[in-house]
Amino acid sequence: MVPIGPYGTWPSPIDAELAAGRDGSPDFVGVVGEEVWWTEPRPTEGGRRALVRRRADGDTRSPLPAPWNVRTRVIEYGGRPWAAVPRGDGGPLVVFAHFPDQRLYVYEPDGAGEPRPLTPLSAVGQGLRWADPVLVPERGEVWCVLEEFTGEAPTDVRRVLAAVPLDGSAAEDRARVRELSDGRHRFVTGPRLSPDGSRAAYLAWDHPNMPWDGTELILADIGDDGVFEGARPVAGGPGESIAQVDWAPDGRLLFSSDRTGWWNLYRADPAPAVSPSSHPVDREGAAEPLCPREEEFGGPLWQVGRRWFHPLENGLIAVVHGRGATALGILDPESGEVVDAAGPWTAWGSTLAVHGSRVVGVAASPRTAAEVVELDTRSGRTRVVGRAHDDPVDPAYYPEPQIRTFTGPGGRDIHALVYPPHHPGRAAPADELPPYVIWAHGGPTGQVPLVLDLEIAYFTSRGIGVAEVNYGGSTGYGREYRDRLREQWGVVDVEDCAAVARALADEGTADPRRLAIRGGSAGGWTSAASLATTDVYACGTVIYPVLDLTDWSSDEGTHDFESQYMESLIGPRADLPGRYEERSPITHAERISVPFLLLQGLDDVICRPVQCERFLARTAGRGIPHAYIAFEGEGHGFRRAETMVRALEAELSLYAQTFGIDRPDVPLLELKK
């Protein structure tokens with residue numbers, strides 16, 4: 001007979017240390033000769049990102065030991081930080097960005113030397129940063145995005161495409177860096193070179209647009225001297241988001257555009273430019289849709305260098321697609337047919353690499369953490385070639401997710417993943433309903449995938465349910481769903497999360513008296529706003545949040561990439577200054593009447609600690625139990641194992657104290673009043 005115990009009290013082998021040590025996913029895969037390379041998180045090594053190399057014989061190790069940290073800060077959220085090419089018997093040549101100083105380094109891992117810097121340091125503002133590198137060995141250069149600060153303010157910044165000599169001559173001399181693009185765009189992605197090397201294509205956009213609002217596909221000719229000439233837009237515009245561009249082997253352009261309301265794939269012949277017309281793409285030849293469907297073949301470009309598709313040398317195209325990135329398929333551009341790879345995976349990362357008939361990506365499922373997967377397109381067989389972490393826990397303790405669609409205000413659909421409490425050796429009393437925590441994802445232009453997350457398992461295996469809400473504004477469901485949040489941030493997201501919480505209570509799934517909400521970044525905003533404007537939740541966890549829109553939208557409020565994001569999420573500030581104050585959780589802090597936990601990284605330049613401090617000052621002396629934990633050395637998104645352990649245990653202690661759960665095995669979180 002299964003032992004009976006109240007929800008939340010169940011013992012679990014998934015402790016905070018285990019969950020923290022397995023946090024993160026492999027990313028930014030590449031094929032170097034016959035080898036597969038990628039980056040992966042190392043929470044127990046100070047949160048660094050390691051570069052990993054898997055040789056043809058299966059030997060897998062990092063060619064760069066700690067403290068090398070392969071990660072770029074371009075647009076703060078980063079992007080592809082490395083590139084490599086094989087060099088015969090001499091082994092590969094690798095170029096990468098090192099996080100602490102943001103310099104580019106060159107390294108020959110099979111040689112005797114150490115990594116050598118290619119780029120200089122800068123004393124101006126936040127320095128020089130580099131991302132999305134493309135090695136051009138025939139020119140002795142690496143071409144990439146250069147982000148250069150021109151002053152001390154976060155918005156004193158310019159971005160161009162630049163060529164960096166591989167001989168190290170620019171390491172002390174900025175003048176040796178050759179600029180490729182003209183700097184007329186605020187944001188650019190790295191160049192994609194045509195098969196014959198005569199042209200480069202890249203994406204560009206400007207404030208107030210975010211890349212999921214409107215981007216342009218820029219095409220430039222490459223002169224014999226390596227200079228970009230005649231750069232012109234060939235697709236896109238203010239109301240069309242192009243997520244990625246690449247080249248087919250026959251020299252035609254491939255790109256992912258949401259011009260129909262869904263990110264679908266298109267192909268265009270880059271003919272010489274002619275006179276301007278009503279749609280920019282007509283300047284280069286009509287773009288044909290390759291697989292028109294009401295699903296996504298792209299996504300939000302939060303990081304520079306993301307790949308949702310990759311052409312193969314035989315003319316087929318590897319694609320990550322679905323209502324969200326749910327499948328890896330091989331698209332025949334002539335017939336429009338897509339054949340999906342077999343396997344248990346329910347989510348694929350926006351990173352792909354190909355070599356011959358092989359396709360490499362990163363995938364996960366509700367039963368497996370993210371892993372590097374290789375598909376042989378000739379045989380259709382898949383195999384796992386790398387993992388960032390082992391899965392040491394009996395899968396019987398993993399949560400059992402439910403894909404749900406709830407009804408929100410006005411009858412609108414709300415997509416969510418529900419994870420009921422689950423334990424193979426425990427059951428709750430028949431007359432007890434479980435507590436539930438509503439998770440609001442960040443972004444807010446993002447999506448929660450259907451994958452194994454040991455942080456969720458940490459709660460569900462103890463008897464606390466979790467519901468992840470893909471509220472209006474989330475990606476994966478088309479532009480109309482994404483645009484629900486336009487000028488409605490702090491309204492639609494709050495309403496949708498509350499609707500899911502109430503529905504779970506009304507149907508008898510959750511205890512209506514024991515509901516909580518938690519989220520980080522934009523999810524922290526939603527959590528704080530929910531506590532301040534609804535009576536649904538008994539407590540909440542607010543993690544590195546936006547709390548004050550007036551401050552966040554000021555010249556020093558946040559980083560450049562999102563500095564005008566509120567123009568679409570809230571509305572034009574010049575016309576609606578009162579809305580910025582009215583929507584801010586800090587304005588309504590005195591309305592919060594339930595316990596809360598506030599977690600913040602002290603090095604966060606996106607959501608600054610000062611907002612938390614001002615928010616706490618507004619709640620002081622009101623007798624509301626709360627705790628504030630600030631972590632030195634952490635930025636926007638916790639990366640160190642010790643930080644994540646403390647944060648998880650503090651969160652569980654908050655719920656235990658609020659919901660009346662006996663958990664003597666968890667450090668007691670001191671709640672102040």
# chains A, B, ... in the order shown; residues from 1 in each chain; ligands from 1
call {"tool": "residues_around", "arguments": {"residues": "Ala528 in chain A", "least_positions_apart": "4", "cutoff": "9 Å", "atoms": "only C-alpha atoms", "output": "ChimeraX atom specification"}}
result
/A:517-519,523-524,532-533,540-542,545-547,585-586,589,592,596
call {"tool": "closest_atom_pairs", "arguments": {"of": "range 218-321 of chain A", "to": "range 471-491 of chain A", "cutoff": "12 Å", "atoms": "only C-alpha atoms", "output": "JSON lines"}}
result
{"residue": "A:Gly239", "atom": "CA", "partner": "A:Arg479", "partner_atom": "CA", "distance": 10.6}
{"residue": "A:Glu240", "atom": "CA", "partner": "A:Arg479", "partner_atom": "CA", "distance": 10.0}
{"residue": "A:Ser241", "atom": "CA", "partner": "A:Arg479", "partner_atom": "CA", "distance": 9.6}
{"residue": "A:Ser257", "atom": "CA", "partner": "A:Arg479", "partner_atom": "CA", "distance": 10.9}
{"residue": "A:Asp258", "atom": "CA", "partner": "A:Arg479", "partner_atom": "CA", "distance": 7.3}
{"residue": "A:Arg259", "atom": "CA", "partner": "A:Arg479", "partner_atom": "CA", "distance": 9.2}
{"residue": "A:Thr260", "atom": "CA", "partner": "A:Arg479", "partner_atom": "CA", "distance": 8.6}
{"residue": "A:Gly261", "atom": "CA", "partner": "A:Arg479", "partner_atom": "CA", "distance": 4.9}
{"residue": "A:Trp262", "atom": "CA", "partner": "A:Gly478", "partner_atom": "CA", "distance": 4.9}
{"residue": "A:Trp263", "atom": "CA", "partner": "A:Gly478", "partner_atom": "CA", "distance": 7.5}
{"residue": "A:Asn264", "atom": "CA", "partner": "A:Gly478", "partner_atom": "CA", "distance": 10.3}
{"residue": "A:Arg293", "atom": "CA", "partner": "A:Gly478", "partner_atom": "CA", "distance": 10.5}
{"residue": "A:Glu294", "atom": "CA", "partner": "A:Gly478", "partner_atom": "CA", "distance": 7.4}
{"residue": "A:Glu295", "atom": "CA", "partner": "A:Gly478", "partner_atom": "CA", "distance": 7.0}
{"residue": "A:Glu296", "atom": "CA", "partner": "A:Gly476", "partner_atom": "CA", "distance": 6.2}
{"residue": "A:Phe297", "atom": "CA", "partner": "A:Gly476", "partner_atom": "CA", "distance": 9.3}
{"residue": "A:Gly298", "atom": "CA", "partner": "A:Gly476", "partner_atom": "CA", "distance": 8.7}
{"residue": "A:Gly299", "atom": "CA", "partner": "A:Thr475", "partner_atom": "CA", "distance": 7.0}
{"residue": "A:Pro300", "atom": "CA", "partner": "A:Thr475", "partner_atom": "CA", "distance": 7.3}
{"residue": "A:Leu301", "atom": "CA", "partner": "A:Thr475", "partner_atom": "CA", "distance": 11.1}
{"residue": "A:Trp302", "atom": "CA", "partner": "A:Thr475", "partner_atom": "CA", "distance": 11.9}
{"residue": "A:Val320", "atom": "CA", "partner": "A:Gly476", "partner_atom": "CA", "distance": 11.7}
{"residue": "A:His321", "atom": "CA", "partner": "A:Gly476", "partner_atom": "CA", "distance": 9.2}
call {"tool": "closest_atom_pairs", "arguments": {"of": "range 493-607 of chain A", "to": "range 642-661 of chain A", "cutoff": "10 Å", "atoms": "only C-alpha atoms", "output": "tab-separated table"}}
result
residue	atom	partner	partner_atom	distance
A:Arg513	CA	A:Phe659	CA	8.2
A:Arg514	CA	A:Phe659	CA	5.9
A:Leu515	CA	A:Phe659	CA	8.7
A:Ala516	CA	A:Tyr655	CA	7.9
A:Arg518	CA	A:Glu651	CA	9.2
A:Ala538	CA	A:Thr658	CA	7.1
A:Cys539	CA	A:Thr658	CA	7.0
A:Gly540	CA	A:Leu654	CA	8.4
A:Thr541	CA	A:Glu651	CA	6.8
A:Val542	CA	A:Glu651	CA	9.8
A:Ile543	CA	A:Ala647	CA	9.4
A:Val594	CA	A:Thr658	CA	8.9
A:Pro595	CA	A:Thr658	CA	7.4
A:Phe596	CA	A:Leu654	CA	7.6
A:Leu597	CA	A:Glu651	CA	7.1
A:Leu598	CA	A:Glu651	CA	9.5
A:Leu599	CA	A:Ala647	CA	7.3
A:Gln600	CA	A:Ala647	CA	9.8
A:Gly601	CA	A:Thr643	CA	9.4
call {"tool": "residues_around", "arguments": {"residues": "Leu146 in chain A", "least_positions_apart": "5", "cutoff": "7 Å", "atoms": "only C-alpha atoms", "output": "list in words"}}
result
Arg129, Trp130, Ala131, Arg159, Val160, Leu161 and Ala162 of chain A
call {"tool": "atom_distance", "arguments": {"atom1": "CA of Asp603 in chain A", "atom2": "CA of Ile75 in chain A"}}
result
15.7 Å
call {"tool": "atom_distance", "arguments": {"atom1": "CA of Pro409 in chain A", "atom2": "CA of Thr534 in chain A"}}
result
14.5 Å
call {"tool": "select_by_dssp", "arguments": {"residues": "range 260-487 of chain A", "states": "alpha helix (DSSP H)", "output": "list in words"}}
result
Leu454, Glu455, Ile456, Ala457, Tyr458, Phe459, Thr460, Arg479, Glu480, Tyr481 and Arg482 of chain A
call {"tool": "closest_residue", "arguments": {"among": "A:Val605, A:Val177, A:Leu454, A:Val227", "to": "Pro13 in chain A", "atoms": "only C-alpha atoms"}}
result
A:Leu454
call {"tool": "closest_residue", "arguments": {"among": "A:Glu148, A:Asp413, A:Glu562, A:Glu590", "to": "Val500 in chain A", "atoms": "only C-alpha atoms"}}
result
A:Asp413
call {"tool": "closest_residue", "arguments": {"among": "A:Ile570, A:Val188, A:Ile317, A:Val385", "to": "Pro249 in chain A", "atoms": "only C-alpha atoms"}}
result
A:Ile317
call {"tool": "select_by_dssp", "arguments": {"residues": "range 62-141 of chain A", "states": "strand (DSSP E or B)", "output": "NGL selection string"}}
result
:A and (70 or 79 or 82-85 or 93-98 or 104-107 or 116-117 or 128-136 or 141)
call {"tool": "residues_around", "arguments": {"residues": "range 352-355 of chain A", "least_positions_apart": "6", "cutoff": "8 Å", "atoms": "only C-alpha atoms", "output": "JSON, numbers by chain"}}
result
{"A": [28, 29, 30, 31, 33, 307, 308, 309, 310, 311, 312, 361, 362]}
call {"tool": "write_last_selection", "arguments": {"atoms": "all heavy atoms", "output": "short mmCIF file (atom, residue, chain, number, x, y, z; two decimals), in the first residue's frame"}}
result
data_model
loop_
_atom_site.label_atom_id
_atom_site.label_comp_id
_atom_site.auth_asym_id
_atom_site.auth_seq_id
_atom_site.Cartn_x
_atom_site.Cartn_y
_atom_site.Cartn_z
N PHE A 28 24.34 26.21 -29.43
CA PHE A 28 25.24 26.69 -30.48
C PHE A 28 26.12 25.56 -31.02
O PHE A 28 27.35 25.59 -30.93
CB PHE A 28 26.08 27.86 -29.97
CG PHE A 28 25.24 29.06 -29.63
CD1 PHE A 28 25.16 29.53 -28.33
CD2 PHE A 28 24.51 29.72 -30.61
CE1 PHE A 28 24.37 30.63 -28.00
CE2 PHE A 28 23.72 30.82 -30.30
CZ PHE A 28 23.65 31.27 -29.00
N VAL A 29 25.45 24.55 -31.60
CA VAL A 29 26.16 23.41 -32.16
C VAL A 29 26.87 23.81 -33.44
O VAL A 29 26.50 24.78 -34.12
CB VAL A 29 25.20 22.24 -32.43
CG1 VAL A 29 24.57 21.74 -31.13
CG2 VAL A 29 24.13 22.62 -33.44
N GLY A 30 27.89 23.04 -33.79
CA GLY A 30 28.60 23.22 -35.04
C GLY A 30 29.28 21.93 -35.42
O GLY A 30 29.56 21.09 -34.56
N VAL A 31 29.53 21.76 -36.72
CA VAL A 31 30.28 20.61 -37.21
C VAL A 31 31.60 21.12 -37.76
O VAL A 31 31.63 22.01 -38.62
CB VAL A 31 29.49 19.85 -38.29
CG1 VAL A 31 30.32 18.70 -38.84
CG2 VAL A 31 28.17 19.32 -37.73
N GLY A 33 34.79 19.65 -39.51
CA GLY A 33 35.29 18.43 -40.14
C GLY A 33 34.34 17.28 -39.83
O GLY A 33 33.15 17.32 -40.14
N ARG A 307 19.41 29.70 -35.33
CA ARG A 307 19.11 28.97 -36.57
C ARG A 307 17.92 28.04 -36.36
O ARG A 307 17.97 27.13 -35.54
CB ARG A 307 20.31 28.11 -36.99
CG ARG A 307 21.39 28.82 -37.76
CD ARG A 307 22.37 27.81 -38.32
NE ARG A 307 23.41 28.41 -39.12
CZ ARG A 307 23.31 28.68 -40.42
NH1 ARG A 307 22.18 28.38 -41.04
NH2 ARG A 307 24.32 29.23 -41.08
N TRP A 308 16.85 28.31 -37.12
CA TRP A 308 15.71 27.40 -37.15
C TRP A 308 15.71 26.55 -38.41
O TRP A 308 14.91 25.64 -38.53
CB TRP A 308 14.41 28.19 -37.08
CG TRP A 308 14.17 28.83 -35.76
CD1 TRP A 308 13.49 28.30 -34.70
CD2 TRP A 308 14.60 30.13 -35.34
NE1 TRP A 308 13.48 29.19 -33.65
CE2 TRP A 308 14.15 30.34 -34.02
CE3 TRP A 308 15.31 31.16 -35.96
CZ2 TRP A 308 14.40 31.51 -33.31
CZ3 TRP A 308 15.56 32.32 -35.25
CH2 TRP A 308 15.11 32.49 -33.95
N PHE A 309 16.57 26.88 -39.36
CA PHE A 309 16.69 26.03 -40.56
C PHE A 309 18.14 26.05 -41.03
O PHE A 309 18.92 26.95 -40.69
CB PHE A 309 15.75 26.50 -41.68
CG PHE A 309 16.10 27.82 -42.31
CD1 PHE A 309 16.97 27.88 -43.39
CD2 PHE A 309 15.53 29.00 -41.86
CE1 PHE A 309 17.29 29.09 -43.99
CE2 PHE A 309 15.83 30.22 -42.44
CZ PHE A 309 16.72 30.26 -43.52
N HIS A 310 18.49 25.03 -41.79
CA HIS A 310 19.84 24.95 -42.34
C HIS A 310 19.78 24.18 -43.65
O HIS A 310 19.32 23.04 -43.69
CB HIS A 310 20.77 24.23 -41.37
CG HIS A 310 22.23 24.56 -41.57
ND1 HIS A 310 22.86 24.42 -42.79
CD2 HIS A 310 23.18 25.04 -40.71
CE1 HIS A 310 24.13 24.80 -42.66
NE2 HIS A 310 24.34 25.19 -41.43
N PRO A 311 20.23 24.77 -44.77
CA PRO A 311 20.22 24.05 -46.05
C PRO A 311 21.24 22.92 -46.05
O PRO A 311 22.31 23.03 -45.45
CB PRO A 311 20.58 25.14 -47.06
CG PRO A 311 21.29 26.19 -46.27
CD PRO A 311 20.71 26.16 -44.89
N LEU A 312 20.90 21.84 -46.75
CA LEU A 312 21.82 20.74 -46.98
C LEU A 312 22.38 20.85 -48.39
O LEU A 312 21.78 21.47 -49.27
CB LEU A 312 21.13 19.38 -46.79
CG LEU A 312 20.88 18.96 -45.34
CD1 LEU A 312 19.61 19.60 -44.79
CD2 LEU A 312 20.76 17.44 -45.23
N GLY A 361 21.43 18.91 -33.92
CA GLY A 361 20.65 19.90 -33.20
C GLY A 361 20.62 19.57 -31.72
O GLY A 361 21.29 18.65 -31.26
N VAL A 362 19.83 20.33 -30.98
CA VAL A 362 19.67 20.11 -29.54
C VAL A 362 18.19 19.89 -29.28
O VAL A 362 17.34 20.67 -29.72
CB VAL A 362 20.18 21.32 -28.73
CG1 VAL A 362 19.88 21.14 -27.25
CG2 VAL A 362 21.68 21.51 -28.94
#
call {"tool": "residues_around", "arguments": {"residues": "Tyr397 in chain A", "least_positions_apart": "2", "cutoff": "10 Å", "atoms": "only C-alpha atoms", "output": "list in words"}}
result
Ser12, Pro13, Ile14, Val393, Asp394, Pro395, Pro399, Glu400, Pro421, His422, His423, Pro424, Gly425, Leu454, Ala457, Tyr458, Thr460, Ser461 and Arg462 of chain A
call {"tool": "write_last_selection", "arguments": {"atoms": "N, CA and C atoms", "output": "PDB file, in the first residue's frame"}}
result
ATOM      1  N   SER A  12      11.758  13.439  -1.556  1.00  0.00           N
ATOM      2  CA  SER A  12      12.120  13.369  -2.967  1.00  0.00           C
ATOM      3  C   SER A  12      13.627  13.258  -3.134  1.00  0.00           C
ATOM      4  N   PRO A  13      14.071  12.429  -4.076  1.00  0.00           N
ATOM      5  CA  PRO A  13      15.514  12.374  -4.369  1.00  0.00           C
ATOM      6  C   PRO A  13      15.992  13.560  -5.200  1.00  0.00           C
ATOM      7  N   ILE A  14      15.055  14.368  -5.695  1.00  0.00           N
ATOM      8  CA  ILE A  14      15.428  15.536  -6.507  1.00  0.00           C
ATOM      9  C   ILE A  14      15.581  16.721  -5.565  1.00  0.00           C
ATOM     10  N   VAL A 393      18.343  10.428 -11.793  1.00  0.00           N
ATOM     11  CA  VAL A 393      17.162  10.167 -10.987  1.00  0.00           C
ATOM     12  C   VAL A 393      16.275   9.152 -11.682  1.00  0.00           C
ATOM     13  N   ASP A 394      15.642   8.307 -10.912  1.00  0.00           N
ATOM     14  CA  ASP A 394      14.649   7.382 -11.441  1.00  0.00           C
ATOM     15  C   ASP A 394      13.565   8.188 -12.142  1.00  0.00           C
ATOM     16  N   PRO A 395      13.321   7.948 -13.442  1.00  0.00           N
ATOM     17  CA  PRO A 395      12.299   8.730 -14.154  1.00  0.00           C
ATOM     18  C   PRO A 395      10.907   8.629 -13.547  1.00  0.00           C
ATOM     19  N   PRO A 399       7.874  14.667 -13.484  1.00  0.00           N
ATOM     20  CA  PRO A 399       6.473  15.080 -13.623  1.00  0.00           C
ATOM     21  C   PRO A 399       5.838  14.509 -14.882  1.00  0.00           C
ATOM     22  N   GLU A 400       4.541  14.428 -14.854  1.00  0.00           N
ATOM     23  CA  GLU A 400       3.776  13.916 -15.990  1.00  0.00           C
ATOM     24  C   GLU A 400       2.917  15.057 -16.531  1.00  0.00           C
ATOM     25  N   PRO A 421       1.092  17.223  -9.054  1.00  0.00           N
ATOM     26  CA  PRO A 421       1.998  16.540  -8.120  1.00  0.00           C
ATOM     27  C   PRO A 421       2.136  15.071  -8.506  1.00  0.00           C
ATOM     28  N   HIS A 422       3.354  14.554  -8.406  1.00  0.00           N
ATOM     29  CA  HIS A 422       3.574  13.169  -8.834  1.00  0.00           C
ATOM     30  C   HIS A 422       4.718  12.552  -8.042  1.00  0.00           C
ATOM     31  N   HIS A 423       4.461  11.384  -7.483  1.00  0.00           N
ATOM     32  CA  HIS A 423       5.462  10.642  -6.713  1.00  0.00           C
ATOM     33  C   HIS A 423       5.124   9.158  -6.817  1.00  0.00           C
ATOM     34  N   PRO A 424       6.105   8.324  -7.167  1.00  0.00           N
ATOM     35  CA  PRO A 424       5.795   6.899  -7.335  1.00  0.00           C
ATOM     36  C   PRO A 424       5.501   6.174  -6.025  1.00  0.00           C
ATOM     37  N   GLY A 425       5.875   6.770  -4.905  1.00  0.00           N
ATOM     38  CA  GLY A 425       5.724   6.071  -3.635  1.00  0.00           C
ATOM     39  C   GLY A 425       4.930   6.824  -2.596  1.00  0.00           C
ATOM     40  N   LEU A 454      14.112  19.926 -14.058  1.00  0.00           N
ATOM     41  CA  LEU A 454      14.237  19.405 -12.700  1.00  0.00           C
ATOM     42  C   LEU A 454      13.804  20.417 -11.650  1.00  0.00           C
ATOM     43  N   ALA A 457      10.321  19.442 -11.384  1.00  0.00           N
ATOM     44  CA  ALA A 457      10.285  18.156 -10.678  1.00  0.00           C
ATOM     45  C   ALA A 457      10.586  18.322  -9.192  1.00  0.00           C
ATOM     46  N   TYR A 458      11.400  19.295  -8.844  1.00  0.00           N
ATOM     47  CA  TYR A 458      11.713  19.579  -7.438  1.00  0.00           C
ATOM     48  C   TYR A 458      10.427  19.832  -6.653  1.00  0.00           C
ATOM     49  N   THR A 460       7.015  19.191  -7.972  1.00  0.00           N
ATOM     50  CA  THR A 460       5.970  18.185  -8.179  1.00  0.00           C
ATOM     51  C   THR A 460       6.250  16.899  -7.425  1.00  0.00           C
ATOM     52  N   SER A 461       7.534  16.528  -7.309  1.00  0.00           N
ATOM     53  CA  SER A 461       7.854  15.292  -6.592  1.00  0.00           C
ATOM     54  C   SER A 461       7.658  15.432  -5.090  1.00  0.00           C
ATOM     55  N   ARG A 462       7.483  16.643  -4.609  1.00  0.00           N
ATOM     56  CA  ARG A 462       7.185  16.890  -3.193  1.00  0.00           C
ATOM     57  C   ARG A 462       5.693  17.105  -2.944  1.00  0.00           C
TER      58      ARG A 462
END
call {"tool": "residues_around", "arguments": {"residues": "range 107-119 of chain A", "least_positions_apart": "5", "cutoff": "10 Å", "atoms": "only C-alpha atoms", "output": "compact mmCIF listing (two decimals) with N, CA, C and O atoms, in the first residue's frame"}}
result
# COMPACT_ATOMS: atom_id res chain seq x y z
N SER A 62 36.14 19.18 -23.13
CA SER A 62 36.26 20.60 -23.41
C SER A 62 37.69 20.95 -23.78
O SER A 62 38.61 20.65 -23.02
N PRO A 63 37.90 21.58 -24.94
CA PRO A 63 39.26 21.98 -25.31
C PRO A 63 39.73 23.22 -24.55
O PRO A 63 40.91 23.56 -24.62
N LEU A 64 38.83 23.86 -23.84
CA LEU A 64 39.16 25.07 -23.08
C LEU A 64 38.79 24.85 -21.62
O LEU A 64 37.61 24.89 -21.26
N TRP A 68 38.00 29.58 -18.79
CA TRP A 68 37.53 30.07 -20.08
C TRP A 68 36.01 29.94 -20.15
O TRP A 68 35.45 28.89 -19.86
N ALA A 84 34.59 27.72 -35.95
CA ALA A 84 35.81 26.92 -36.15
C ALA A 84 35.83 26.35 -37.55
O ALA A 84 34.78 26.13 -38.16
N ARG A 87 41.64 22.32 -40.32
CA ARG A 87 42.84 22.75 -41.04
C ARG A 87 43.75 21.55 -41.29
O ARG A 87 44.93 21.57 -40.99
N ASP A 89 45.85 18.27 -41.10
CA ASP A 89 46.55 17.59 -40.01
C ASP A 89 46.84 18.52 -38.83
O ASP A 89 47.16 18.06 -37.74
N GLY A 90 46.74 19.81 -39.07
CA GLY A 90 47.02 20.75 -37.99
C GLY A 90 45.91 20.90 -36.99
O GLY A 90 46.07 21.61 -36.00
N GLY A 91 44.77 20.25 -37.23
CA GLY A 91 43.66 20.37 -36.31
C GLY A 91 42.85 21.63 -36.58
O GLY A 91 43.20 22.46 -37.43
N PRO A 92 41.77 21.82 -35.86
CA PRO A 92 40.88 22.96 -36.12
C PRO A 92 41.44 24.28 -35.63
O PRO A 92 42.28 24.33 -34.74
N LEU A 93 40.94 25.34 -36.23
CA LEU A 93 41.20 26.70 -35.79
C LEU A 93 39.90 27.24 -35.22
O LEU A 93 38.86 27.23 -35.89
N VAL A 94 39.93 27.71 -33.98
CA VAL A 94 38.72 28.13 -33.28
C VAL A 94 38.84 29.61 -32.92
O VAL A 94 39.89 30.06 -32.45
N VAL A 95 37.76 30.35 -33.13
CA VAL A 95 37.65 31.73 -32.67
C VAL A 95 36.45 31.79 -31.72
O VAL A 95 35.39 31.25 -32.03
N PHE A 96 36.63 32.44 -30.56
CA PHE A 96 35.55 32.48 -29.59
C PHE A 96 35.60 33.78 -28.79
O PHE A 96 36.65 34.43 -28.69
N ALA A 97 34.45 34.13 -28.21
CA ALA A 97 34.35 35.28 -27.31
C ALA A 97 34.46 34.80 -25.87
O ALA A 97 33.81 33.83 -25.48
N HIS A 98 35.30 35.47 -25.09
CA HIS A 98 35.52 35.12 -23.68
C HIS A 98 34.72 36.08 -22.82
O HIS A 98 34.90 37.31 -22.92
N GLN A 102 35.22 39.98 -22.95
CA GLN A 102 34.48 40.13 -24.20
C GLN A 102 35.38 40.25 -25.42
O GLN A 102 34.91 40.65 -26.50
N LEU A 128 34.08 46.73 -26.14
CA LEU A 128 33.85 46.13 -27.45
C LEU A 128 33.35 44.71 -27.25
O LEU A 128 33.91 43.95 -26.44
N ARG A 129 32.33 44.33 -28.02
CA ARG A 129 31.77 42.99 -27.93
C ARG A 129 31.59 42.42 -29.33
O ARG A 129 31.38 43.17 -30.28
N TRP A 130 31.60 41.09 -29.42
CA TRP A 130 31.60 40.43 -30.72
C TRP A 130 30.67 39.21 -30.68
O TRP A 130 30.58 38.54 -29.66
N VAL A 142 38.08 36.93 -39.58
CA VAL A 142 36.80 36.45 -39.07
C VAL A 142 35.83 37.62 -39.16
O VAL A 142 36.14 38.73 -38.74
N VAL A 164 37.85 41.02 -38.57
CA VAL A 164 38.97 41.04 -37.63
C VAL A 164 40.09 40.16 -38.17
O VAL A 164 39.86 38.99 -38.49
N PRO A 165 41.31 40.69 -38.29
CA PRO A 165 42.42 39.87 -38.78
C PRO A 165 42.72 38.71 -37.83
O PRO A 165 42.69 38.86 -36.61
N LEU A 166 43.02 37.55 -38.41
CA LEU A 166 43.34 36.38 -37.61
C LEU A 166 44.79 36.37 -37.13
O LEU A 166 45.17 35.51 -36.33
N ASP A 167 45.59 37.33 -37.60
CA ASP A 167 46.99 37.35 -37.20
C ASP A 167 47.22 38.05 -35.85
O ASP A 167 48.35 38.15 -35.37
N GLY A 168 46.15 38.55 -35.23
CA GLY A 168 46.28 39.20 -33.93
C GLY A 168 46.68 40.66 -33.99
O GLY A 168 46.86 41.29 -32.94
N SER A 169 46.79 41.23 -35.18
CA SER A 169 47.27 42.61 -35.30
C SER A 169 46.29 43.64 -34.75
O SER A 169 46.67 44.79 -34.49
N ALA A 170 45.02 43.24 -34.57
CA ALA A 170 44.04 44.18 -34.02
C ALA A 170 43.94 44.09 -32.50
O ALA A 170 43.16 44.85 -31.90
N ALA A 171 44.71 43.21 -31.89
CA ALA A 171 44.58 43.01 -30.44
C ALA A 171 44.90 44.27 -29.64
O ALA A 171 44.38 44.46 -28.54
N GLU A 172 45.74 45.11 -30.19
CA GLU A 172 46.09 46.36 -29.51
C GLU A 172 45.71 47.59 -30.31
O GLU A 172 45.92 48.71 -29.87
N ASP A 173 45.13 47.36 -31.50
CA ASP A 173 44.88 48.50 -32.39
C ASP A 173 43.49 48.37 -33.00
O ASP A 173 43.27 47.60 -33.94
N ARG A 174 42.53 49.13 -32.48
CA ARG A 174 41.15 49.10 -32.99
C ARG A 174 41.10 49.44 -34.48
O ARG A 174 40.22 48.96 -35.22
N ARG A 176 42.79 48.40 -36.81
CA ARG A 176 43.01 47.24 -37.67
C ARG A 176 41.73 46.45 -37.93
O ARG A 176 41.71 45.55 -38.76
N VAL A 177 40.66 46.77 -37.21
CA VAL A 177 39.36 46.14 -37.44
C VAL A 177 38.71 46.84 -38.63
O VAL A 177 38.55 48.06 -38.64
call {"tool": "closest_residue", "arguments": {"among": "A:Thr39, A:Thr445, A:Thr550, A:Gln126", "to": "Trp212 in chain A", "atoms": "only C-alpha atoms"}}
result
A:Thr445
call {"tool": "residues_around", "arguments": {"residues": "Leu265 in chain A", "least_positions_apart": "2", "cutoff": "6 Å", "atoms": "only C-alpha atoms", "output": "number ranges by chain"}}
result
A: 255-256, 289-290
call {"tool": "atom_distance", "arguments": {"atom1": "CA of Pro3 in chain A", "atom2": "CA of Ala501 in chain A"}}
result
28.5 Å
call {"tool": "closest_residue", "arguments": {"among": "A:Leu433, A:Ala123, A:Ala235, A:Leu51", "to": "Ala83 in chain A", "atoms": "only C-alpha atoms"}}
result
A:Leu51
